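J.: Next comes the structure file input.txt, holding compact mmCIF, C-alpha atoms.
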```txt
# COMPACT_ATOMS: atom_id res chain seq x y z
CA MET A 28 -2.31 7.12 -5.91
CA ASP A 29 0.38 9.81 -6.16
CA GLU A 30 1.63 10.85 -2.72
CA SER A 31 1.20 14.56 -3.42
CA LEU A 32 -2.39 13.98 -4.46
CA ARG A 33 -3.00 11.86 -1.38
CA ALA A 34 -1.63 14.68 0.78
CA GLN A 35 -3.95 17.17 -0.92
CA ILE A 36 -6.94 14.93 -0.38
CA GLU A 37 -6.07 14.44 3.29
CA THR A 38 -5.81 18.23 3.67
CA TYR A 39 -9.24 18.71 2.11
CA LEU A 40 -10.73 15.95 4.27
CA SER A 41 -9.38 17.59 7.40
CA HIS A 42 -10.75 20.95 6.28
CA LEU A 43 -14.16 19.44 5.49
CA ASP A 44 -14.24 17.77 8.88
CA GLY A 45 -13.64 21.17 10.49
CA LEU A 46 -16.42 22.74 8.42
CA ILE A 47 -18.82 19.98 9.44
CA ARG A 48 -18.02 20.49 13.12
CA ARG A 49 -18.54 24.25 12.79
CA GLY A 50 -21.80 23.67 10.94
CA CYS A 51 -23.13 21.39 13.67
CA GLN A 52 -22.24 23.99 16.29
CA VAL A 53 -23.90 26.93 14.53
CA HIS A 54 -26.92 24.78 13.73
CA ASP A 55 -27.45 23.92 17.40
CA THR A 56 -26.94 27.53 18.47
CA LEU A 57 -29.36 28.89 15.89
CA ALA A 58 -31.94 26.19 16.60
CA ALA A 59 -31.93 27.21 20.28
CA ASP A 60 -32.16 30.94 19.50
CA PRO A 61 -33.05 31.82 15.87
CA SER A 62 -32.54 35.53 16.51
CA ASN A 63 -29.08 35.20 18.05
CA PRO A 64 -26.97 37.84 16.21
CA SER A 65 -23.68 36.06 16.83
CA ALA A 66 -25.10 32.78 15.48
CA ILE A 67 -26.40 34.52 12.36
CA ALA A 68 -23.00 36.13 11.78
CA ALA A 69 -21.27 32.79 12.38
CA ILE A 70 -23.54 31.08 9.86
CA ARG A 71 -22.78 33.68 7.21
CA ALA A 72 -19.05 33.27 7.72
CA TRP A 73 -19.40 29.48 7.70
CA GLN A 74 -21.45 29.53 4.50
CA GLU A 75 -18.81 31.69 2.81
CA ASP A 76 -16.09 29.23 3.84
CA CYS A 77 -18.20 26.35 2.55
CA GLY A 78 -18.66 28.17 -0.76
CA VAL A 79 -14.93 28.71 -1.17
CA THR A 80 -14.19 25.04 -0.48
CA VAL A 81 -16.94 23.79 -2.81
CA ASN A 82 -15.67 26.10 -5.55
CA GLN A 83 -12.16 24.68 -5.17
CA LEU A 84 -13.36 21.07 -5.15
CA SER A 85 -15.56 21.61 -8.20
CA GLY A 86 -12.78 23.26 -10.15
CA GLY A 87 -14.71 26.53 -10.34
CA SER A 88 -17.39 24.92 -12.52
CA LYS A 89 -21.01 25.70 -11.65
CA ALA A 90 -22.02 22.62 -13.66
CA HIS A 91 -20.16 20.29 -11.27
CA TRP A 92 -22.54 18.14 -9.21
CA LEU A 93 -21.08 19.43 -5.94
CA ALA A 94 -21.46 23.08 -6.98
CA ARG A 95 -25.05 22.42 -8.04
CA SER A 96 -25.82 20.73 -4.73
CA PHE A 97 -24.36 23.73 -2.88
CA SER A 98 -26.50 26.20 -4.84
CA GLU A 99 -29.66 24.14 -4.45
CA ALA A 100 -29.21 24.09 -0.66
CA PHE A 101 -30.29 27.72 -0.55
CA LEU A 102 -33.55 27.18 -2.47
CA MET A 103 -36.99 26.47 -1.08
CA ARG A 104 -39.49 24.36 -3.00
CA SER A 105 -43.00 25.66 -3.62
CA ALA A 106 -46.15 23.54 -3.51
CA THR A 107 -45.66 22.87 -7.21
CA ASN A 108 -42.03 21.81 -6.57
CA ARG A 109 -40.69 24.92 -8.27
CA ALA A 110 -37.55 26.41 -6.76
CA VAL A 111 -38.01 29.76 -5.03
CA GLU A 112 -35.67 31.80 -2.86
CA GLY A 113 -35.92 31.81 0.91
CA ALA A 114 -35.18 28.54 2.72
CA ALA A 115 -34.92 28.94 6.49
CA PRO A 116 -31.37 29.41 7.86
CA VAL A 117 -31.48 26.25 9.99
CA GLU A 118 -32.69 24.24 6.99
CA ILE A 119 -29.90 25.70 4.84
CA VAL A 120 -27.31 24.63 7.41
CA LYS A 121 -28.69 21.07 7.40
CA ARG A 122 -28.58 20.95 3.61
CA LEU A 123 -25.05 22.31 3.46
CA LEU A 124 -23.91 19.73 6.01
CA ASP A 125 -25.25 17.06 3.68
CA VAL A 126 -23.33 18.64 0.77
CA LEU A 127 -20.13 18.58 2.83
CA GLU A 128 -20.71 14.93 3.70
CA GLN A 129 -21.14 14.13 0.01
CA ALA A 130 -17.77 15.78 -0.59
CA VAL A 131 -16.21 13.73 2.22
CA ALA A 132 -17.69 10.55 0.75
CA ALA A 133 -16.33 11.31 -2.72
CA LEU A 134 -12.87 12.28 -1.51
CA SER A 135 -12.75 9.25 0.78
CA GLY A 136 -13.13 6.99 -2.24
CA MET A 137 -16.74 6.16 -1.42
CA ASP A 138 -17.66 6.58 -5.07
CA ASP A 139 -16.51 5.21 -8.39
CA GLY A 140 -16.54 7.41 -11.47
CA PRO A 141 -15.07 10.88 -11.81
CA GLY A 142 -16.34 12.19 -8.47
CA ILE A 143 -14.11 14.95 -7.12
CA SER A 144 -10.44 15.15 -6.30
CA ALA A 145 -7.98 17.65 -4.97
CA SER A 146 -7.20 18.68 -8.54
CA SER A 147 -10.96 18.89 -9.21
CA SER A 148 -11.60 18.31 -12.87
CA ALA A 149 -15.27 19.18 -13.23
CA SER A 150 -17.94 16.56 -13.63
CA SER A 151 -21.54 17.40 -14.38
CA GLU A 152 -22.92 14.17 -12.96
CA ALA A 153 -22.96 12.86 -9.39
CA PRO A 154 -20.63 9.90 -8.87
CA ALA A 155 -22.00 6.36 -8.85
CA PRO A 156 -21.84 4.21 -5.68
CA ARG A 157 -18.42 2.73 -5.09
CA ARG A 158 -17.46 -0.93 -4.75
CA PHE A 159 -16.15 -2.29 -1.47
CA ASP A 160 -13.16 -3.90 -3.11
CA PHE A 161 -11.06 -3.64 0.04
CA VAL A 162 -13.33 -6.08 1.88
CA HIS A 163 -11.53 -9.43 1.99
CA ASN A 164 -14.63 -11.63 2.15
CA PRO A 165 -16.12 -11.59 -1.38
CA ASP A 166 -19.52 -12.71 -0.08
CA LEU A 167 -19.67 -9.68 2.20
CA ARG A 168 -19.01 -7.07 -0.49
CA PRO A 169 -22.44 -7.05 -2.16
CA VAL A 170 -24.10 -7.06 1.26
CA VAL A 171 -22.35 -3.92 2.47
CA GLU A 172 -22.78 -2.26 -0.93
CA ARG A 173 -26.55 -2.66 -0.70
CA ALA A 174 -26.54 -1.65 2.95
CA TYR A 175 -24.59 1.51 2.20
CA THR A 176 -27.10 2.51 -0.48
CA ASP A 177 -29.93 1.81 1.95
CA SER A 178 -28.24 3.86 4.67
CA ARG A 179 -27.92 6.91 2.41
CA ARG A 180 -31.52 6.57 1.25
CA THR A 181 -32.97 6.27 4.75
CA LEU A 182 -30.92 9.27 5.87
CA GLU A 183 -32.33 11.36 3.03
CA GLN A 184 -35.84 10.14 3.88
CA GLY A 185 -35.43 11.23 7.50
CA ASP A 186 -35.39 7.75 9.07
CA TYR A 187 -32.41 8.60 11.26
CA ASN A 188 -32.75 5.58 13.52
CA LEU A 189 -32.52 3.10 10.64
CA ALA A 190 -29.79 5.14 8.94
CA LEU A 191 -27.65 4.97 12.08
CA LEU A 192 -28.31 1.27 12.65
CA THR A 193 -27.37 0.47 9.06
CA ALA A 194 -24.22 2.62 9.11
CA CYS A 195 -23.06 0.98 12.36
CA GLY A 196 -23.82 -2.46 10.98
CA ILE A 197 -21.64 -1.73 7.95
CA LEU A 198 -18.92 -0.33 10.19
CA GLU A 199 -18.86 -3.41 12.39
CA ALA A 200 -18.95 -5.74 9.38
CA ILE A 201 -15.97 -4.20 7.59
CA VAL A 202 -13.90 -3.87 10.78
CA THR A 203 -14.65 -7.49 11.65
CA ASP A 204 -13.61 -8.50 8.15
CA ALA A 205 -10.29 -6.69 8.60
CA LEU A 206 -9.73 -8.27 12.02
CA GLU A 207 -10.46 -11.76 10.72
CA HIS A 208 -8.06 -11.25 7.83
CA LYS A 209 -5.38 -10.11 10.28
CA GLY A 210 -5.85 -13.24 12.37
CA LEU A 211 -6.16 -13.83 16.10
CA SER A 212 -2.50 -14.70 16.56
CA ALA A 213 -1.40 -11.38 15.10
CA LEU A 214 -4.08 -9.48 17.02
CA ALA A 215 -2.92 -11.03 20.31
CA ALA A 216 0.24 -8.93 20.05
CA SER A 217 -2.01 -5.85 20.02
CA GLY A 218 -3.63 -6.73 23.32
CA ALA A 219 -6.67 -8.49 21.90
CA PRO A 220 -8.88 -10.12 24.57
CA ALA A 221 -9.39 -13.83 24.89
CA GLY A 222 -12.03 -15.62 22.88
CA THR A 223 -13.01 -15.34 19.25
CA ILE A 224 -13.67 -12.10 17.41
CA ALA A 225 -17.36 -13.01 17.35
CA ASP A 226 -17.34 -12.82 21.16
CA TRP A 227 -16.05 -9.24 21.24
CA SER A 228 -18.26 -6.21 21.65
CA PHE A 229 -18.57 -3.56 18.94
CA GLU A 230 -16.33 -1.16 20.84
CA THR A 231 -13.76 -3.87 21.56
CA ARG A 232 -13.47 -4.65 17.85
CA LEU A 233 -12.89 -0.99 17.05
CA ALA A 234 -10.31 -0.59 19.81
CA VAL A 235 -8.40 -3.73 18.81
CA ALA A 236 -8.46 -2.65 15.16
CA GLU A 237 -6.91 0.67 16.14
CA ARG A 238 -4.20 -0.94 18.27
CA ALA A 239 -3.42 -3.33 15.42
CA GLY A 240 -2.94 -0.39 13.07
CA LEU A 241 -5.91 -1.32 10.87
CA ILE A 242 -7.76 1.92 11.57
CA ARG A 243 -6.98 5.21 13.23
CA GLY A 244 -8.76 6.99 16.05
CA GLY A 245 -11.51 8.57 13.97
CA TYR A 246 -14.06 6.11 15.33
CA ALA A 247 -13.89 8.00 18.65
CA ARG A 248 -16.33 10.50 17.09
CA LEU A 249 -19.12 7.91 17.17
CA PRO A 250 -22.03 9.25 19.25
CA ALA A 251 -22.96 7.30 22.38
CA VAL A 252 -26.17 6.02 20.79
CA ALA A 253 -24.13 4.46 17.96
CA ARG A 254 -21.78 2.64 20.33
CA THR A 255 -24.74 0.72 21.77
CA TYR A 256 -26.49 0.16 18.45
CA ARG A 257 -26.61 -3.60 19.02
CA ASP A 258 -28.85 -3.02 22.05
CA ARG A 259 -31.27 -1.06 19.90
CA THR A 260 -32.32 -4.02 17.76
CA ASP A 261 -34.39 -7.07 18.53
CA ALA A 262 -33.61 -10.69 17.66
CA ASP A 263 -34.80 -10.16 14.10
CA GLY A 264 -32.58 -7.12 13.60
CA GLU A 265 -35.47 -4.65 13.74
CA SER A 266 -35.18 -1.40 15.66
CA GLY A 267 -37.09 -1.30 18.91
CA PRO A 268 -40.23 0.82 19.37
CA GLU A 269 -38.51 3.30 21.68
CA ALA A 270 -35.44 3.74 19.50
CA THR A 271 -35.00 7.41 18.61
CA VAL A 272 -31.94 8.91 16.98
CA SER A 273 -31.26 12.54 16.13
CA GLU A 274 -30.30 13.64 12.64
CA ARG A 275 -26.94 14.76 14.00
CA ASP A 276 -26.28 11.29 15.47
CA ALA A 277 -27.16 9.59 12.19
CA ARG A 278 -24.97 11.92 10.15
CA ARG A 279 -22.07 11.55 12.58
CA ALA A 280 -22.27 7.75 12.32
CA GLY A 281 -22.12 8.06 8.54
CA GLN A 282 -19.11 10.36 8.76
CA VAL A 283 -17.26 7.88 10.99
CA LEU A 284 -18.08 5.10 8.54
CA HIS A 285 -16.45 7.12 5.75
CA ILE A 286 -13.36 7.74 7.88
CA VAL A 287 -12.93 4.07 8.80
CA MET A 288 -13.43 3.00 5.20
CA ARG A 289 -10.65 5.36 4.20
CA ASP A 290 -8.44 3.80 6.89
CA LEU A 291 -9.16 0.29 5.66
CA ASP A 292 -8.66 1.22 2.03
CA PRO A 293 -5.78 3.76 2.05
CA GLY A 294 -4.77 3.03 -1.54
CA ARG A 295 -7.85 4.54 -3.16
```
Any chance you could put this one into structure tokens?

T.:
Amino acid sequence: MDESLRAQIETYLSHLDGLIRRGCQVHDTLAADPSNPSAIAAIRAWQEDCGVTVNQLSGGSKAHWLARSFSEAFLMRSATNRAVEGAAPVEIVKRLLDVLEQAVAALSGMDDGPGISASSSASSEAPAPRRFDFVHNPDLRPVVERAYTDSRRTLEQGDYNLALLTACGILEAIVTDALEHKGLSALAASGAPAGTIADWSFETRLAVAERAGLIRGGYARLPAVARTYRDRTDADGESGPEATVSERDARRAGQVLHIVMRDLDPGR
């Protein structure tokens, strides 16, 4: 990838990350007090900034899949599934956050096909799921590909607990793959603990991967519930009966997964 294009993409990713953080903040404020004037004003300003960014990423084309997703976020479906005006502000914020995450996924190289880029040639179709070509273990690639598709589907269906568990499972799998490829002897120089990689906790694997230069510090954004995701499953890998995860936690775990994938596959 051309270095100037890479720099543009990184700039957009940083900007999108800021928009997502602002969106989460205004969502929480408005949810606590729907009539808060400052929150309403903040949402309007945020929506305008989102619109500008989406327009740039879609090359000014209203036919682009990202531009269409942005427009549809403001519509409410009737009982007959016809689009009508008037979705609630909090619902609009949630939908726009999902649109921004789709943009992050596309720019991070999460998708094959035309997708979007900093130069933004328009595409009328949503990008197809990407391949995990950067994963060194060929047997693991189809597993994480299916899991990623499942994670996105469960998030859209509102099963936030399963979406988070799946995203964290993918995250641990690809980081472990990178650590194993690096090798214990090389990792020892980065302060890796004794024992095999299989003995390390989820957080230890992430920390060692950062110290070894395999990933950057973006994983620090993982919510607390994601860091202990292993404790939230039983011996068969099923989520426990008391496991509850917020939509924000599930979406944040997905965002961190995108960031780490970009770290592990910088050439895309």

J.: For Pro61 in chain A, which of A:Asp258, A:Glu118, A:Glu128, A:Glu183 is the closest residue, counting all atoms listed in the file?

T.: A:Glu118

J.: With only C-alpha atoms as the atoms that count, which of A:Ala115, A:Leu189, A:Ile36, A:Cys77 lies nearest to Leu127 in chain A?

T.: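 Distance minimum relative to Leu127 in chain A lands on A:Cys77.
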
J.: Mind checking which residues fall within 8 Å of Arg232 in chain A, counting all atoms listed in the file, ignoring those fewer than 3 positions away in the same chain, and posting them as an NGL selection string?

T.: :A and (199 or 202-203 or 206 or 224 or 227-229 or 235-236)

J.: Please, could you write that set of residues out with C-alpha atoms as a PDB file, in the coordinates of the input?

T.:
```pdb
ATOM      1  CA  GLU A 199     -18.860  -3.410  12.390  1.00  0.00           C
ATOM      2  CA  VAL A 202     -13.900  -3.870  10.780  1.00  0.00           C
ATOM      3  CA  THR A 203     -14.650  -7.490  11.650  1.00  0.00           C
ATOM      4  CA  LEU A 206      -9.730  -8.270  12.020  1.00  0.00           C
ATOM      5  CA  ILE A 224     -13.670 -12.100  17.410  1.00  0.00           C
ATOM      6  CA  TRP A 227     -16.050  -9.240  21.240  1.00  0.00           C
ATOM      7  CA  SER A 228     -18.260  -6.210  21.650  1.00  0.00           C
ATOM      8  CA  PHE A 229     -18.570  -3.560  18.940  1.00  0.00           C
ATOM      9  CA  VAL A 235      -8.400  -3.730  18.810  1.00  0.00           C
ATOM     10  CA  ALA A 236      -8.460  -2.650  15.160  1.00  0.00           C
TER      11      ALA A 236
END
```

J.: Which neighbours of Ala66 in chain A fall inside 7 Å, counting all atoms listed in the file, when residues of the same chain fewer than 2 positions from it are skipped, and could you give them as a list in words?

T.: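 That gives Val53, Thr56, Leu57, Asn63, Pro64, Ala68, Ala69 and Ile70 of chain A.
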
J.: What does the distance from CA of Trp92 in chain A to CA of Ala133 in chain A come to in Å, to one decimal?

T.: 11.3 Å

J.: Just how far from CA of Ile197 in chain A is CA of Leu249 in chain A, in Å to one decimal?

T.: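 Distance between the two atoms: 13.6 Å.
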
J.: Between CA of Ala190 in chain A and CA of Glu172 in chain A, what distance in Å does the model show, to one decimal?

T.: 14.2 Å

J.: Around all listed atoms of range 220-232 of chain A, padded 5 Å per side, what centre and edge lengths does the axis-aligned box have in Å to one decimal, as JSON?

T.:
```
{"center_x": -13.7, "center_y": -8.4, "center_z": 21.1, "size_x": 19.7, "size_y": 24.5, "size_z": 17.5}
```

J.: Identify the residues within 12 Å of coordinate (-5.2, -10.2, 20.5) (same frame as the file), considering all atoms listed in the file, and give the answer as a list in words.

T.: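 Checking each residue against the 12 Å limit leaves Leu206, Glu207, Lys209, Gly210, Leu211, Ser212, Ala213, Leu214, Ala215, Ala216, Ser217, Gly218, Ala219, Pro220, Ala221, Gly222, Thr223, Ile224, Trp227, Thr231, Arg232, Ala234, Val235, Ala236, Glu237, Arg238 and Ala239 of chain A.
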
J.: For Ser178 in chain A, find every residue with an atom within 12 Å (counting all atoms listed in the file), except residues of its own chain fewer than 4 positions away, and show them as number ranges by chain.

T.: A: 171-174, 182-198, 277-278, 280-282, 284

J.: Of the residues A:Leu167, A:Ala247, A:Val126, A:Val131, which is the one nearest to Glu37 in chain A, using all atoms listed in the file?

T.: A:Val131

J.: Write out as a list of chain:residue names each polymer residue whose atoms come within 8 Å of Phe97 in chain A, counting all atoms listed in the file; drop sequence neighbours fewer than 4 positions from it.

T.: A:Gly78, A:Val81, A:Leu93, A:Phe101, A:Leu123, A:Val126

J.: Would you export the selected residues with C-alpha atoms as a tab-separated table (two decimals), in the frame of the given file, please?

T.:
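This went into result24.tsv:
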```
chain	number	residue	atom	x	y	z
A	78	GLY	CA	-18.66	28.17	-0.76
A	81	VAL	CA	-16.94	23.79	-2.81
A	93	LEU	CA	-21.08	19.43	-5.94
A	101	PHE	CA	-30.29	27.72	-0.55
A	123	LEU	CA	-25.05	22.31	3.46
A	126	VAL	CA	-23.33	18.64	0.77
```

J.: Which residue, A:Ser41, A:Thr181, A:Gln52, A:Ser85, has the smallest gap to Arg275 in chain A when you use all atoms listed in the file?

T.: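 Distance minimum relative to Arg275 in chain A lands on A:Gln52.
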